[in-house]
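Undergrad: My structure is below; once you've seen it, I'll send some questions.
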Amino acid sequence: MNQFQTNDIVLYGSNGCCRISEIETRESGSYYILTPVHKDRTKFMVPTDNENLVSRIRPVPSKKAVHDCIRRAAQAEPSWIDDNAARKEAAKEVLASGDEFDLLMLARSFHQHKQHVMQIGKKTTSSDSSILRSAQDHIRDEFSVVFDIEPEEVDAFIGGEASTSRG
Amino acid sequence: MYQSILVPYDRSDQARNALEAALGLASDETHAKITILYVAPLPDFNDPAFEAAAQMAGVIQVSDTEVLELQREFYASQKEELEKDVAPILGDYSNTAYRVTSGKPQDAIAEFADSGHYDLIVMGCRGLGALRGALGSVSYAVLRSVDIPVLVVK
């Protein structure tokens with residue numbers, strides 16, 4: 001009995017939002033075919049009996065769960081790690097976990113830092129820019145599916161939700 | 001967020017597509033490292049036919065040291081050809097590594113993948129079903145042998 005069914009929308013580790021487009025059965029075994037929601041021409045293939053890989057597949061969270069995350073993140077205070085290597089390592093963990101609240105806090109702290117360094121006429125490091133972009137892409141990819149909006153609309157959507165929750 | 005992407009490369013159009021897709025992912029995100037792996041058909045330098053050819057060329061017996069040197073030269077030349085072959089695809093993307101190995105392709109790829117810290121393998125569709133996006137037997141064998149997400153490019 002497969003854990004997931006065709007047409008389920010899932011998250012596959014840090015690989016983003018995918019639709020299970022097919023469960024392919026061959027002599028060698030069966031495979032979940034995961035088609036990224038926002039990318040053409042590619043698919044992830046996951047042997048259904050590979051527990052390690054299958055455990056990375058999880059259902060997309062509900063609208064309510066994501067609403068709650070946005071509200072909690074809006075009320076929390078972002079933290080910044082000064083040490084470059086430690087900051088990168090912590091960010092990698094968050095990006096790999098795919099935890100929505102942690103991703104929002106990561107994006108907020110890196111965005112705040114970017115604004116701060118720009119105000120003093122400097123630039124963020126390429127590593128910090130990449131981390132911010134990755135977090136934003138991940139959030140846009142996932143939230144657009146949860147709320148059935150375009151990825152480009154996600155930033156404004158979060159902004160609106162966050163303003164409401166801050167009162 | 002990908003840090004390290006492995007692309008098994010066999011010089012086919014599908015492998016080129018896979019490399020292009022990997023490049024897109026790597027440069028979109030954290031400038032991830034792309035390792036391009038070519039499984040070369042290593043000549044058997046102990047084969048009687050090779051020894052006969054060596055004798056005809058005036059070499060009485062090929063020593064183990066000479067065999068190792070021939071293998072080293074073979075790998076170096078294959079790596080050079082690989083670099084030339086993928087250069088037009090990679091353009092100025094420099095966070096790359098080139099590796100040449102030998103053996104049964106599926107075993108060589110799986111063994112190599114296990115030996116590194118790759119967070120994604122990108123492969124092209126091969127075999128008779130490539131047009132409809134199906135994989136070839138090597139790709140299926142790799143899928144069953146690794147514990148790393150595999151992205152297939154149509």
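Residues in the structure tokens are numbered from 1 in each chain, the chains being A, B, ... in the order shown, and ligands are numbered from 1 in the order shown.
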Going by DSSP on the backbone, which residues of segment 42-91 of chain A come out as alpha helix (DSSP H)? List them as an NGL selection string.
TA: :A and (51-54 or 63-75 or 84-91)
Undergrad: Just the selected residues (C-alpha atoms), exported as a short mmCIF file (atom, residue, chain, number, x, y, z; two decimals), in the first residue's frame, please.
TA:
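Below is the file that was written, part07.cif:
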```
data_model
loop_
_atom_site.label_atom_id
_atom_site.label_comp_id
_atom_site.auth_asym_id
_atom_site.auth_seq_id
_atom_site.Cartn_x
_atom_site.Cartn_y
_atom_site.Cartn_z
CA GLU A 51 12.28 4.58 3.34
CA ASN A 52 14.96 7.24 3.61
CA LEU A 53 13.85 9.04 0.46
CA VAL A 54 10.12 8.47 0.98
CA LYS A 63 -3.92 27.05 4.70
CA LYS A 64 -4.63 27.40 8.41
CA ALA A 65 -1.21 26.04 9.38
CA VAL A 66 0.54 28.49 7.04
CA HIS A 67 -1.64 31.41 8.21
CA ASP A 68 -0.60 30.59 11.78
CA CYS A 69 3.06 30.44 10.75
CA ILE A 70 2.91 33.84 9.07
CA ARG A 71 1.27 35.37 12.17
CA ARG A 72 3.77 33.82 14.57
CA ALA A 73 6.69 34.91 12.40
CA ALA A 74 5.33 38.46 12.20
CA GLN A 75 5.32 38.70 15.99
CA ASN A 84 29.78 33.92 8.70
CA ALA A 85 30.42 30.18 8.82
CA ALA A 86 28.01 29.56 11.71
CA ARG A 87 25.33 31.69 9.99
CA LYS A 88 25.70 29.76 6.74
CA GLU A 89 25.54 26.43 8.54
CA ALA A 90 22.41 27.42 10.47
CA ALA A 91 20.77 28.68 7.28
#
```
Undergrad: Set out as a Markdown table a contact list for chain B and chain A with a cut-off of 12 Å, giving each residue of chain B that qualifies its closest atom pair and distance in Å to one decimal, counting only C-alpha atoms, ordered by chain and rising residue number.
TA:
```
| residue | atom | partner | partner_atom | distance |
| --- | --- | --- | --- | --- |
| B:Met1 | CA | A:Ser134 | CA | 6.1 |
| B:Tyr2 | CA | A:Ser14 | CA | 8.4 |
| B:Gln3 | CA | A:Lys92 | CA | 9.1 |
| B:Gln14 | CA | A:Arg41 | CA | 11.7 |
| B:Asn17 | CA | A:Arg41 | CA | 9.8 |
| B:Ala18 | CA | A:Thr42 | CA | 9.2 |
| B:Glu20 | CA | A:Arg41 | CA | 11.6 |
| B:Ala21 | CA | A:Thr42 | CA | 8.4 |
| B:Ala22 | CA | A:Thr42 | CA | 10.6 |
| B:Gly24 | CA | A:Lys39 | CA | 11.3 |
| B:Leu25 | CA | A:Asn15 | CA | 10.5 |
| B:Ala26 | CA | A:Ser130 | CA | 10.6 |
| B:Ser27 | CA | A:Ser130 | CA | 9.4 |
| B:Asp28 | CA | A:Ser130 | CA | 8.3 |
| B:Glu29 | CA | A:Ser130 | CA | 5.8 |
| B:Thr30 | CA | A:Ser130 | CA | 4.9 |
| B:His31 | CA | A:Ser130 | CA | 7.8 |
| B:Ala32 | CA | A:Ser130 | CA | 10.1 |
| B:Asp119 | CA | A:Ser14 | CA | 9.7 |
| B:Leu120 | CA | A:Asn15 | CA | 9.2 |
| B:Ile121 | CA | A:Phe44 | CA | 9.8 |
| B:Val122 | CA | A:Phe44 | CA | 9.2 |
| B:Met123 | CA | A:Thr42 | CA | 9.7 |
| B:Gly124 | CA | A:Thr42 | CA | 9.2 |
| B:Cys125 | CA | A:Thr42 | CA | 10.0 |
| B:Leu131 | CA | A:Arg41 | CA | 11.8 |
| B:Arg132 | CA | A:Arg41 | CA | 11.2 |
| B:Gly133 | CA | A:Arg41 | CA | 8.9 |
| B:Ala134 | CA | A:Glu24 | CA | 10.1 |
| B:Leu135 | CA | A:Met45 | CA | 10.1 |
| B:Gly136 | CA | A:Arg26 | CA | 11.9 |
| B:Ser137 | CA | A:Ser28 | CA | 9.7 |
| B:Val138 | CA | A:Ser28 | CA | 11.8 |
| B:Ser139 | CA | A:Met45 | CA | 10.2 |
| B:Tyr140 | CA | A:Ser28 | CA | 7.8 |
| B:Ala141 | CA | A:Ser28 | CA | 8.3 |
| B:Val142 | CA | A:Pro47 | CA | 10.8 |
| B:Leu143 | CA | A:Pro47 | CA | 7.2 |
| B:Arg144 | CA | A:Pro47 | CA | 6.7 |
| B:Ser145 | CA | A:Asn50 | CA | 9.7 |
| B:Val146 | CA | A:Asn50 | CA | 9.3 |
| B:Asp147 | CA | A:Leu53 | CA | 6.6 |
| B:Ile148 | CA | A:Leu53 | CA | 7.2 |
| B:Pro149 | CA | A:Leu53 | CA | 7.0 |
| B:Val150 | CA | A:Phe44 | CA | 5.7 |
| B:Leu151 | CA | A:Phe44 | CA | 4.5 |
| B:Val152 | CA | A:Lys43 | CA | 5.2 |
| B:Val153 | CA | A:Thr42 | CA | 4.5 |
| B:Lys154 | CA | A:Arg41 | CA | 5.2 |
```
Undergrad: Selected residues, C-alpha atoms, written as a PDB file, in the first residue's frame, please.
TA:
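As a result, selection38.pdb now contains:
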```pdb
ATOM      1  CA  MET B   1      19.213  24.732  -1.462  1.00  0.00           C
ATOM      2  CA  TYR B   2      21.704  22.591  -3.302  1.00  0.00           C
ATOM      3  CA  GLN B   3      25.342  22.615  -2.314  1.00  0.00           C
ATOM      4  CA  GLN B  14      20.037  13.710 -22.856  1.00  0.00           C
ATOM      5  CA  ASN B  17      20.045  18.417 -21.195  1.00  0.00           C
ATOM      6  CA  ALA B  18      20.650  17.130 -17.679  1.00  0.00           C
ATOM      7  CA  GLU B  20      21.934  22.325 -18.551  1.00  0.00           C
ATOM      8  CA  ALA B  21      19.205  21.702 -15.966  1.00  0.00           C
ATOM      9  CA  ALA B  22      21.786  21.194 -13.218  1.00  0.00           C
ATOM     10  CA  GLY B  24      20.145  26.233 -13.999  1.00  0.00           C
ATOM     11  CA  LEU B  25      19.576  24.912 -10.480  1.00  0.00           C
ATOM     12  CA  ALA B  26      23.116  25.600  -9.334  1.00  0.00           C
ATOM     13  CA  SER B  27      23.293  29.164 -10.571  1.00  0.00           C
ATOM     14  CA  ASP B  28      19.733  29.972  -9.455  1.00  0.00           C
ATOM     15  CA  GLU B  29      20.548  29.110  -5.917  1.00  0.00           C
ATOM     16  CA  THR B  30      23.781  29.048  -3.974  1.00  0.00           C
ATOM     17  CA  HIS B  31      26.247  28.664  -6.794  1.00  0.00           C
ATOM     18  CA  ALA B  32      26.349  24.964  -5.985  1.00  0.00           C
ATOM     19  CA  ASP B 119      22.428  16.399  -2.315  1.00  0.00           C
ATOM     20  CA  LEU B 120      21.075  15.816  -5.815  1.00  0.00           C
ATOM     21  CA  ILE B 121      21.781  13.667  -8.859  1.00  0.00           C
ATOM     22  CA  VAL B 122      20.559  15.002 -12.187  1.00  0.00           C
ATOM     23  CA  MET B 123      20.207  12.513 -15.034  1.00  0.00           C
ATOM     24  CA  GLY B 124      18.798  12.566 -18.546  1.00  0.00           C
ATOM     25  CA  CYS B 125      16.229  10.113 -19.897  1.00  0.00           C
ATOM     26  CA  LEU B 131      11.016  10.290 -26.109  1.00  0.00           C
ATOM     27  CA  ARG B 132       8.134   9.708 -23.724  1.00  0.00           C
ATOM     28  CA  GLY B 133      10.278  10.581 -20.723  1.00  0.00           C
ATOM     29  CA  ALA B 134      11.059   7.049 -19.568  1.00  0.00           C
ATOM     30  CA  LEU B 135      14.425   5.994 -18.248  1.00  0.00           C
ATOM     31  CA  GLY B 136      16.911   3.460 -19.493  1.00  0.00           C
ATOM     32  CA  SER B 137      18.048   0.451 -17.514  1.00  0.00           C
ATOM     33  CA  VAL B 138      21.192   2.176 -16.205  1.00  0.00           C
ATOM     34  CA  SER B 139      19.140   5.017 -14.751  1.00  0.00           C
ATOM     35  CA  TYR B 140      16.714   2.620 -13.040  1.00  0.00           C
ATOM     36  CA  ALA B 141      19.624   0.699 -11.573  1.00  0.00           C
ATOM     37  CA  VAL B 142      21.119   3.949 -10.247  1.00  0.00           C
ATOM     38  CA  LEU B 143      17.754   4.953  -8.758  1.00  0.00           C
ATOM     39  CA  ARG B 144      17.626   1.732  -6.802  1.00  0.00           C
ATOM     40  CA  SER B 145      21.203   1.997  -5.573  1.00  0.00           C
ATOM     41  CA  VAL B 146      21.450   5.508  -4.164  1.00  0.00           C
ATOM     42  CA  ASP B 147      19.991   7.324  -1.168  1.00  0.00           C
ATOM     43  CA  ILE B 148      20.066  10.716  -2.860  1.00  0.00           C
ATOM     44  CA  PRO B 149      17.153  12.452  -4.618  1.00  0.00           C
ATOM     45  CA  VAL B 150      17.354  11.899  -8.368  1.00  0.00           C
ATOM     46  CA  LEU B 151      16.022  14.525 -10.753  1.00  0.00           C
ATOM     47  CA  VAL B 152      15.305  13.262 -14.238  1.00  0.00           C
ATOM     48  CA  VAL B 153      15.351  15.685 -17.150  1.00  0.00           C
ATOM     49  CA  LYS B 154      13.072  14.886 -20.081  1.00  0.00           C
TER      50      LYS B 154
END
```
Undergrad: In Å, rounded to a single decimal, give me how far atom CA of Arg16 of chain B is from atom CA of Pro88 of chain B.
TA: 10.3 Å
Undergrad: As an exercise, work out the distance from atom CA of Thr25 of chain A to atom CA of Asn2 of chain A in Å and give it to one decimal place.
TA: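 For atom CA of Thr25 of chain A relative to atom CA of Asn2 of chain A, the distance reads 11.6 Å.
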Undergrad: Any idea what the distance is between atom CA of Ser97 of chain A and atom CA of Cys17 of chain A?
TA: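 Between atom CA of Ser97 of chain A and atom CA of Cys17 of chain A the gap is 13.6 Å.
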Undergrad: Fewer than 4 positions away in the same chain doesn't count, so skip those; otherwise give me all residues within 9 Å of Pro78 of chain A, counting only C-alpha atoms, as a PyMOL selection string.
TA: chain A and resi 73+105-106+108-110+112
Undergrad: Pull N, CA, C and O atoms from the residues just selected and write them as an mmCIF file, in the first residue's frame.
TA:
```cif
data_model
loop_
_atom_site.group_PDB
_atom_site.id
_atom_site.type_symbol
_atom_site.label_atom_id
_atom_site.label_comp_id
_atom_site.auth_asym_id
_atom_site.auth_seq_id
_atom_site.Cartn_x
_atom_site.Cartn_y
_atom_site.Cartn_z
ATOM 1 N N ALA A 73 5.427 34.331 12.881
ATOM 2 C CA ALA A 73 6.688 34.908 12.398
ATOM 3 C C ALA A 73 6.644 36.433 12.446
ATOM 4 O O ALA A 73 7.655 37.086 12.743
ATOM 5 N N MET A 105 11.399 33.202 9.230
ATOM 6 C CA MET A 105 12.302 33.949 10.109
ATOM 7 C C MET A 105 13.675 34.140 9.445
ATOM 8 O O MET A 105 14.296 35.192 9.572
ATOM 9 N N LEU A 106 14.102 33.117 8.732
ATOM 10 C CA LEU A 106 15.382 33.204 8.019
ATOM 11 C C LEU A 106 15.316 34.316 6.970
ATOM 12 O O LEU A 106 16.207 35.175 6.884
ATOM 13 N N ARG A 108 13.301 36.840 6.890
ATOM 14 C CA ARG A 108 13.183 38.152 7.536
ATOM 15 C C ARG A 108 14.537 38.650 8.029
ATOM 16 O O ARG A 108 14.896 39.812 7.830
ATOM 17 N N SER A 109 15.282 37.765 8.707
ATOM 18 C CA SER A 109 16.554 38.230 9.265
ATOM 19 C C SER A 109 17.547 38.601 8.162
ATOM 20 O O SER A 109 18.242 39.619 8.253
ATOM 21 N N PHE A 110 17.603 37.798 7.091
ATOM 22 C CA PHE A 110 18.539 38.109 6.001
ATOM 23 C C PHE A 110 18.092 39.349 5.228
ATOM 24 O O PHE A 110 18.918 40.119 4.742
ATOM 25 N N GLN A 112 16.358 41.898 6.559
ATOM 26 C CA GLN A 112 16.658 43.044 7.444
ATOM 27 C C GLN A 112 18.138 43.403 7.367
ATOM 28 O O GLN A 112 18.515 44.569 7.301
#
```
Undergrad: Ile34 of chain B: which residues within 8 Å, counting only C-alpha atoms, same-chain residues fewer than 2 positions away excluded, as a list in words?
TA: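 These residues fall inside the cut-off: Ser4, Ile5, Leu6, Val7, Ala22, Leu23, Ala26, Ala32, Ile36, Asn95, Thr96 and Ala97 of chain B.
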Undergrad: Pick out the closest residue to Pro59 of chain A from this set: A:Ala162, A:Val10, A:Ile120, A:Ile81. Count only C-alpha atoms.
TA: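 Nearest to Pro59 of chain A: A:Val10.
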Undergrad: Do you know which residues are at most 12 Å from segment 69-86 of chain B counting only C-alpha atoms, after dropping those on the same chain fewer than 4 positions away, and could you put them as a PyMOL selection string?
TA: chain B and resi 7-13+15-20+23+34-46+50+62-65+90-94+96-102
